[in-house]
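Engineer: You'll find target_29.pdb just under this line, and it carries PDB, C-alpha atoms.
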```
MODEL        1
ATOM      1  CA  MET A 266      17.210  59.332 136.668
ATOM      2  CA  THR A 267      20.219  61.619 136.227
ATOM      3  CA  VAL A 268      22.706  60.699 133.513
ATOM      4  CA  VAL A 269      25.930  62.384 132.471
ATOM      5  CA  THR A 270      26.342  62.742 128.736
ATOM      6  CA  ALA A 271      29.889  61.997 127.668
ATOM      7  CA  THR A 272      30.368  64.896 125.282
ATOM      8  CA  HIS A 273      31.626  68.451 125.230
ATOM      9  CA  ASN A 274      29.629  69.037 122.020
ATOM     10  CA  GLN A 275      26.852  71.328 123.250
ATOM     11  CA  GLY A 276      24.702  70.618 120.178
ATOM     12  CA  LYS A 277      24.700  66.901 120.983
ATOM     13  CA  ALA A 278      24.071  67.552 124.670
ATOM     14  CA  ARG A 279      21.057  69.780 123.899
ATOM     15  CA  GLU A 280      19.603  67.191 121.510
ATOM     16  CA  MET A 281      20.016  64.425 124.067
ATOM     17  CA  ALA A 282      18.449  66.480 126.850
ATOM     18  CA  ARG A 283      15.491  67.473 124.650
ATOM     19  CA  LEU A 284      14.865  63.917 123.446
ATOM     20  CA  LEU A 285      15.282  62.205 126.822
ATOM     21  CA  LYS A 286      13.275  64.673 128.916
ATOM     22  CA  PRO A 287       9.919  62.962 128.134
ATOM     23  CA  ALA A 288      11.382  59.698 129.500
ATOM     24  CA  GLY A 289      12.178  61.434 132.804
ATOM     25  CA  ILE A 290      15.926  61.398 132.238
ATOM     26  CA  ILE A 291      17.823  64.456 133.410
ATOM     27  CA  ILE A 292      20.978  65.072 131.419
ATOM     28  CA  LYS A 293      24.058  66.618 132.999
ATOM     29  CA  SER A 294      26.937  67.610 130.787
ATOM     30  CA  LEU A 295      30.553  66.842 131.540
ATOM     31  CA  ALA A 296      30.992  70.559 132.223
ATOM     32  CA  ASP A 297      28.125  70.439 134.774
ATOM     33  CA  CYS A 298      30.111  67.731 136.573
ATOM     34  CA  GLY A 299      33.423  69.606 136.393
ATOM     35  CA  VAL A 300      34.965  67.135 133.933
ATOM     36  CA  THR A 301      37.212  68.754 131.362
ATOM     37  CA  GLU A 302      39.184  65.827 130.006
ATOM     38  CA  VAL A 303      37.929  63.488 127.320
ATOM     39  CA  PRO A 304      39.451  60.138 126.480
ATOM     40  CA  GLU A 305      41.174  59.494 123.203
ATOM     41  CA  GLU A 306      38.814  57.754 120.801
ATOM     42  CA  THR A 307      40.967  54.833 119.746
ATOM     43  CA  GLY A 308      38.172  52.533 118.585
ATOM     44  CA  THR A 309      37.714  51.457 115.008
ATOM     45  CA  THR A 310      33.905  51.438 115.224
ATOM     46  CA  PHE A 311      31.261  53.830 116.499
ATOM     47  CA  LEU A 312      30.364  51.319 119.241
ATOM     48  CA  GLU A 313      33.948  51.000 120.488
ATOM     49  CA  ASN A 314      34.342  54.777 120.704
ATOM     50  CA  ALA A 315      30.987  55.195 122.474
ATOM     51  CA  ARG A 316      32.028  52.611 125.066
ATOM     52  CA  ILE A 317      35.367  54.373 125.641
ATOM     53  CA  LYS A 318      33.609  57.700 126.251
ATOM     54  CA  ALA A 319      30.846  56.231 128.439
ATOM     55  CA  ARG A 320      33.325  54.400 130.668
ATOM     56  CA  ALA A 321      35.489  57.501 131.144
ATOM     57  CA  ALA A 322      32.480  59.707 131.982
ATOM     58  CA  MET A 323      31.037  57.151 134.403
ATOM     59  CA  GLU A 324      34.377  56.678 136.161
ATOM     60  CA  ALA A 325      34.912  60.455 136.423
ATOM     61  CA  THR A 326      31.448  61.204 137.831
ATOM     62  CA  GLY A 327      30.083  58.027 139.421
ATOM     63  CA  LEU A 328      26.865  58.597 137.466
ATOM     64  CA  PRO A 329      25.325  56.468 134.744
ATOM     65  CA  ALA A 330      26.901  57.731 131.545
ATOM     66  CA  LEU A 331      25.425  58.082 128.088
ATOM     67  CA  ALA A 332      27.833  58.328 125.186
ATOM     68  CA  ASP A 333      27.302  58.393 121.502
ATOM     69  CA  ASP A 334      29.683  58.071 118.691
ATOM     70  CA  SER A 335      28.278  59.140 115.413
ATOM     71  CA  GLY A 336      29.314  60.254 112.037
ATOM     72  CA  LEU A 337      28.654  60.605 108.377
ATOM     73  CA  CYS A 338      29.369  57.737 105.995
ATOM     74  CA  ALA A 339      29.445  58.501 102.259
ATOM     75  CA  ASP A 340      29.063  55.569  99.871
ATOM     76  CA  ALA A 341      31.298  57.107  97.182
ATOM     77  CA  LEU A 342      34.084  57.549  99.757
ATOM     78  CA  ALA A 343      33.976  53.939 100.991
ATOM     79  CA  GLY A 344      32.246  55.019 104.214
ATOM     80  CA  GLU A 345      34.402  58.060 104.976
ATOM     81  CA  PRO A 346      34.510  60.134 107.046
ATOM     82  CA  GLY A 347      32.993  57.451 109.328
ATOM     83  CA  VAL A 348      34.521  57.213 112.794
ATOM     84  CA  ASP A 349      36.839  60.070 111.829
ATOM     85  CA  SER A 350      33.944  62.463 111.172
ATOM     86  CA  ALA A 351      34.944  64.881 113.955
ATOM     87  CA  VAL A 352      38.490  65.216 112.620
ATOM     88  CA  TYR A 353      38.021  64.441 108.937
ATOM     89  CA  GLY A 354      40.931  65.696 106.861
ATOM     90  CA  GLY A 355      42.742  66.555 110.100
ATOM     91  CA  LEU A 356      40.286  69.428 110.600
ATOM     92  CA  THR A 357      38.306  70.292 113.730
ATOM     93  CA  ASP A 358      36.305  73.261 112.414
ATOM     94  CA  SER A 359      32.901  72.191 111.039
ATOM     95  CA  ALA A 360      32.895  74.603 108.091
ATOM     96  CA  GLU A 361      36.391  73.498 107.093
ATOM     97  CA  ARG A 362      35.432  69.807 107.393
ATOM     98  CA  ASN A 363      32.338  70.402 105.265
ATOM     99  CA  ALA A 364      34.439  72.130 102.598
ATOM    100  CA  TYR A 365      36.953  69.273 102.690
ATOM    101  CA  LEU A 366      34.154  66.703 102.330
ATOM    102  CA  LEU A 367      32.699  68.566  99.357
ATOM    103  CA  ARG A 368      36.129  68.607  97.700
ATOM    104  CA  GLN A 369      36.389  64.837  98.204
ATOM    105  CA  MET A 370      32.942  64.437  96.619
ATOM    106  CA  GLU A 371      33.753  66.527  93.517
ATOM    107  CA  GLY A 372      32.946  64.568  90.376
ATOM    108  CA  LYS A 373      31.158  61.809  92.295
ATOM    109  CA  THR A 374      27.746  60.926  90.896
ATOM    110  CA  ASP A 375      26.866  58.620  93.788
ATOM    111  CA  ARG A 376      25.905  61.113  96.506
ATOM    112  CA  ARG A 377      24.302  58.574  98.888
ATOM    113  CA  ALA A 378      25.310  58.832 102.518
ATOM    114  CA  GLU A 379      24.014  58.108 105.969
ATOM    115  CA  PHE A 380      24.439  59.459 109.434
ATOM    116  CA  VAL A 381      25.054  56.674 111.961
ATOM    117  CA  CYS A 382      24.735  56.957 115.744
ATOM    118  CA  GLN A 383      25.712  54.284 118.238
ATOM    119  CA  LEU A 384      24.683  54.893 121.868
ATOM    120  CA  VAL A 385      25.972  53.282 125.035
ATOM    121  CA  LEU A 386      24.345  53.839 128.424
ATOM    122  CA  LEU A 387      26.697  52.469 131.057
ATOM    123  CA  TYR A 388      25.714  52.091 134.705
ATOM    124  CA  PRO A 389      28.146  51.999 137.658
ATOM    125  CA  ASP A 390      26.987  48.420 138.408
ATOM    126  CA  GLY A 391      28.229  47.299 134.986
ATOM    127  CA  ARG A 392      24.915  47.143 133.136
ATOM    128  CA  GLU A 393      25.082  48.395 129.580
ATOM    129  CA  LEU A 394      22.314  49.376 127.177
ATOM    130  CA  LEU A 395      22.971  49.849 123.465
ATOM    131  CA  ALA A 396      21.006  51.554 120.717
ATOM    132  CA  GLU A 397      21.657  52.531 117.134
ATOM    133  CA  GLY A 398      20.056  54.972 114.748
ATOM    134  CA  ARG A 399      20.587  55.747 111.067
ATOM    135  CA  CYS A 400      19.430  58.484 108.733
ATOM    136  CA  GLU A 401      19.850  57.984 104.996
ATOM    137  CA  GLY A 402      20.283  60.887 102.608
ATOM    138  CA  GLU A 403      22.686  62.458 100.154
ATOM    139  CA  ILE A 404      25.667  64.789 100.165
ATOM    140  CA  LEU A 405      24.777  68.149  98.645
ATOM    141  CA  ASP A 406      27.033  70.086  96.250
ATOM    142  CA  ALA A 407      27.134  73.080  98.629
ATOM    143  CA  PRO A 408      26.070  73.847 102.216
ATOM    144  CA  ARG A 409      22.446  74.878 102.806
ATOM    145  CA  GLY A 410      20.879  76.216 106.000
ATOM    146  CA  ASP A 411      22.248  77.557 109.249
ATOM    147  CA  GLY A 412      20.651  75.264 111.818
ATOM    148  CA  GLY A 413      22.080  72.169 113.427
ATOM    149  CA  PHE A 414      25.805  71.536 113.599
ATOM    150  CA  GLY A 415      28.553  69.463 112.038
ATOM    151  CA  TYR A 416      27.730  68.055 108.612
ATOM    152  CA  ASP A 417      24.051  69.112 108.771
ATOM    153  CA  PRO A 418      24.428  71.851 106.093
ATOM    154  CA  VAL A 419      25.759  69.391 103.480
ATOM    155  CA  PHE A 420      23.381  66.492 104.219
ATOM    156  CA  PHE A 421      20.158  66.330 102.188
ATOM    157  CA  VAL A 422      17.157  64.694 103.882
ATOM    158  CA  PRO A 423      14.798  63.270 101.214
ATOM    159  CA  GLU A 424      11.792  63.065 103.584
ATOM    160  CA  TYR A 425      11.797  66.846 103.914
ATOM    161  CA  ASN A 426      13.464  67.813 100.618
ATOM    162  CA  ARG A 427      15.834  70.020 102.642
ATOM    163  CA  SER A 428      19.251  69.843 104.246
ATOM    164  CA  MET A 429      19.484  68.710 107.860
ATOM    165  CA  ALA A 430      20.514  72.298 108.701
ATOM    166  CA  GLU A 431      17.245  73.629 107.225
ATOM    167  CA  LEU A 432      15.053  71.487 109.485
ATOM    168  CA  THR A 433      13.424  72.690 112.683
ATOM    169  CA  PRO A 434      14.695  70.949 115.835
ATOM    170  CA  GLU A 435      11.461  68.926 115.933
ATOM    171  CA  GLU A 436      11.816  67.824 112.302
ATOM    172  CA  LYS A 437      15.457  66.911 112.862
ATOM    173  CA  ASP A 438      14.618  64.927 115.995
ATOM    174  CA  ALA A 439      12.032  62.931 114.018
ATOM    175  CA  VAL A 440      14.459  61.710 111.337
ATOM    176  CA  SER A 441      17.992  62.126 112.646
ATOM    177  CA  HIS A 442      20.257  59.232 113.489
ATOM    178  CA  ARG A 443      20.608  60.486 117.068
ATOM    179  CA  GLY A 444      16.864  60.984 117.459
ATOM    180  CA  ARG A 445      16.197  57.447 116.274
ATOM    181  CA  ALA A 446      18.903  55.985 118.521
ATOM    182  CA  LEU A 447      17.646  57.889 121.577
ATOM    183  CA  ARG A 448      14.056  56.767 120.961
ATOM    184  CA  ALA A 449      15.273  53.171 120.664
ATOM    185  CA  LEU A 450      17.196  53.573 123.925
ATOM    186  CA  THR A 451      14.205  54.987 125.808
ATOM    187  CA  GLU A 452      12.110  52.012 124.662
ATOM    188  CA  THR A 453      14.575  49.695 126.420
ATOM    189  CA  LEU A 454      14.269  51.790 129.606
ATOM    190  CA  LEU A 455      10.475  51.568 129.773
TER     191      LEU A 455
ENDMDL
END
```
Can you dump the structure from the file as structure tokens?
Structural biologist:
Amino acid sequence: MTVVTATHNQGKAREMARLLKPAGIIIKSLADCGVTEVPEETGTTFLENARIKARAAMEATGLPALADDSGLCADALAGEPGVDSAVYGGLTDSAERNAYLLRQMEGKTDRRAEFVCQLVLLYPDGRELLAEGRCEGEILDAPRGDGGFGYDPVFFVPEYNRSMAELTPEEKDAVSHRGRALRALTETLL
């Protein structure tokens, strides 16, 4: 089955393709399909935003569309950055967002946080499959590692005693919110 992934984030697209390949799902990016526009994410939850993106990608391509909305939720910040993770602090650059997050966390003793991923697979006939994944950890005091993308350098993964950015792709896939959500989704397809 060929599915368009409703993202221009190449890191996300590569993760999705790698994780869904064993299930026989071929991922095409929006760019592969000549789609350059993305809808405004006006939802107040990860699920609402994933649905908005999936519907727009499906309507633009005619293909089943897989969208995720995901983000980092810090306990000490009442769940921020949450659904605003990609534009936290009004910033779009990952390094700047990470620095902003660390400034918001200064003086906080509660460093608990989790990555959350909500997936929507929408078919042209109206069928919809949902999956969710979570990865619990902590916000570090400073970035560590150069792998991954987004908040990975500032997110500590207790299972590996390293930041998400210090994990190999295989280690990240095993524990990440997106990896868990994609595995849950493939189980519903089998």
Engineer: Could you write out as an MDAnalysis selection string the residues that the PyMOL selection byres ((chain A and resi 395-398) around 10) matches in the shown file?
Structural biologist: chainID A and resid 311:312 315:316 331:335 380:387 393:394 399:400 440:453
Engineer: As a check of understanding, name the residues that the PyMOL selection byres ((chain A and resi 365) around 12) selects in the supplied structure, as a PyMOL selection string.
Structural biologist: chain A and resi 345-346+350+352-364+366-371+406-408+416+419
Engineer: Would you mind telling me which residue in A:Thr301, A:Asn426, A:Thr374, A:Asn274 lies nearest to Thr326 in chain A when using all atoms listed in the file?
Structural biologist: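 Smallest separation from Thr326 in chain A among the options: A:Thr301.
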Engineer: Please write the residues picked by the PyMOL selection byres ((chain A and resi 339) around 8) on this file as a ChimeraX atom specification.
Structural biologist: /A:337-338,340-347,376-379,404
Engineer: Just the selected residues (C-alpha atoms), exported as a short mmCIF file (atom, residue, chain, number, x, y, z; two decimals), keeping the file's coordinate frame, please.
Structural biologist:
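Done, and the output landed in selection.cif:
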```cif
data_model
loop_
_atom_site.label_atom_id
_atom_site.label_comp_id
_atom_site.auth_asym_id
_atom_site.auth_seq_id
_atom_site.Cartn_x
_atom_site.Cartn_y
_atom_site.Cartn_z
CA LEU A 337 28.65 60.60 108.38
CA CYS A 338 29.37 57.74 106.00
CA ASP A 340 29.06 55.57 99.87
CA ALA A 341 31.30 57.11 97.18
CA LEU A 342 34.08 57.55 99.76
CA ALA A 343 33.98 53.94 100.99
CA GLY A 344 32.25 55.02 104.21
CA GLU A 345 34.40 58.06 104.98
CA PRO A 346 34.51 60.13 107.05
CA GLY A 347 32.99 57.45 109.33
CA ARG A 376 25.90 61.11 96.51
CA ARG A 377 24.30 58.57 98.89
CA ALA A 378 25.31 58.83 102.52
CA GLU A 379 24.01 58.11 105.97
CA ILE A 404 25.67 64.79 100.16
#
```
Engineer: How far is it from CA of Arg409 in chain A to CA of Gln275 in chain A, in Å with one decimal?
Structural biologist: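 Atom-to-atom, CA of Arg409 in chain A to CA of Gln275 in chain A, that is 21.2 Å.
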Engineer: Put a box with edges along x, y and z around all the listed atoms of range 406-414 of chain A, pad it by 4 Å on each side, then give me its centre and sizes in Å, one decimal, as AutoDock Vina command-line options.
Structural biologist:
```
--center_x 23.9 --center_y 73.8 --center_z 104.9 --size_x 14.5 --size_y 15.5 --size_z 25.3
```
Engineer: Work out how far CA of Asp411 in chain A is from CA of Glu280 in chain A, in Å to one decimal.
Structural biologist: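 Answer for the CA of Glu280 in chain A to CA of Asp411 in chain A separation: 16.3 Å.
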Engineer: Excluding Gly413 in chain A and its own-chain neighbours fewer than 2 positions away, which residues fall within 10 Å of it when counting only C-alpha atoms? Please give them as a list in words.
Structural biologist: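 Residues near the query, excluding close chain neighbours: Gly276, Lys277, Glu280, Gly410, Asp411, Gly415, Tyr416, Asp417, Pro418, Ser428, Met429, Ala430, Glu431, Leu432, Thr433, Pro434 and Lys437 of chain A.
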Engineer: Can you measure CA of Gly299 in chain A to CA of Asn314 in chain A for me? One decimal in Å is fine.
Structural biologist: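 Taking CA of Gly299 in chain A as the start and CA of Asn314 in chain A as the end point, the length is 21.6 Å.
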Engineer: Determine the nearest neighbour of Ala288 in chain A from the options A:Met266, A:Met323, A:Val303, A:Gly308, counting only C-alpha atoms.
Structural biologist: A:Met266
Engineer: I need the residue nearest Val269 in chain A from this list: A:Ala330, A:Ala296, A:Ile317, A:Ile290. Use only C-alpha atoms for the distance.
Structural biologist: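 Going through A:Ala330, A:Ala296, A:Ile317, A:Ile290 one by one, the smallest distance to Val269 in chain A is for A:Ala330.
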Engineer: Let me make sure I understand: among A:Glu313, A:Gly327, A:Glu435, A:Thr267, which one has the smallest atom-to-atom distance to Gly289 in chain A if we use all atoms listed in the file?
Structural biologist: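 Going through A:Glu313, A:Gly327, A:Glu435, A:Thr267 one by one, the smallest distance to Gly289 in chain A is for A:Thr267.
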Engineer: Go through A:Ala439, A:Leu454, A:Val268, A:Val348 and flag the residue nearest Ala319 in chain A, using all atoms listed in the file for the distances.
Structural biologist: A:Val268
Engineer: Which residue out of A:Pro304, A:Thr309, A:Ala271, A:Gly402 has the minimum interatomic distance to Ile292 in chain A when only C-alpha atoms are used?
Structural biologist: A:Ala271
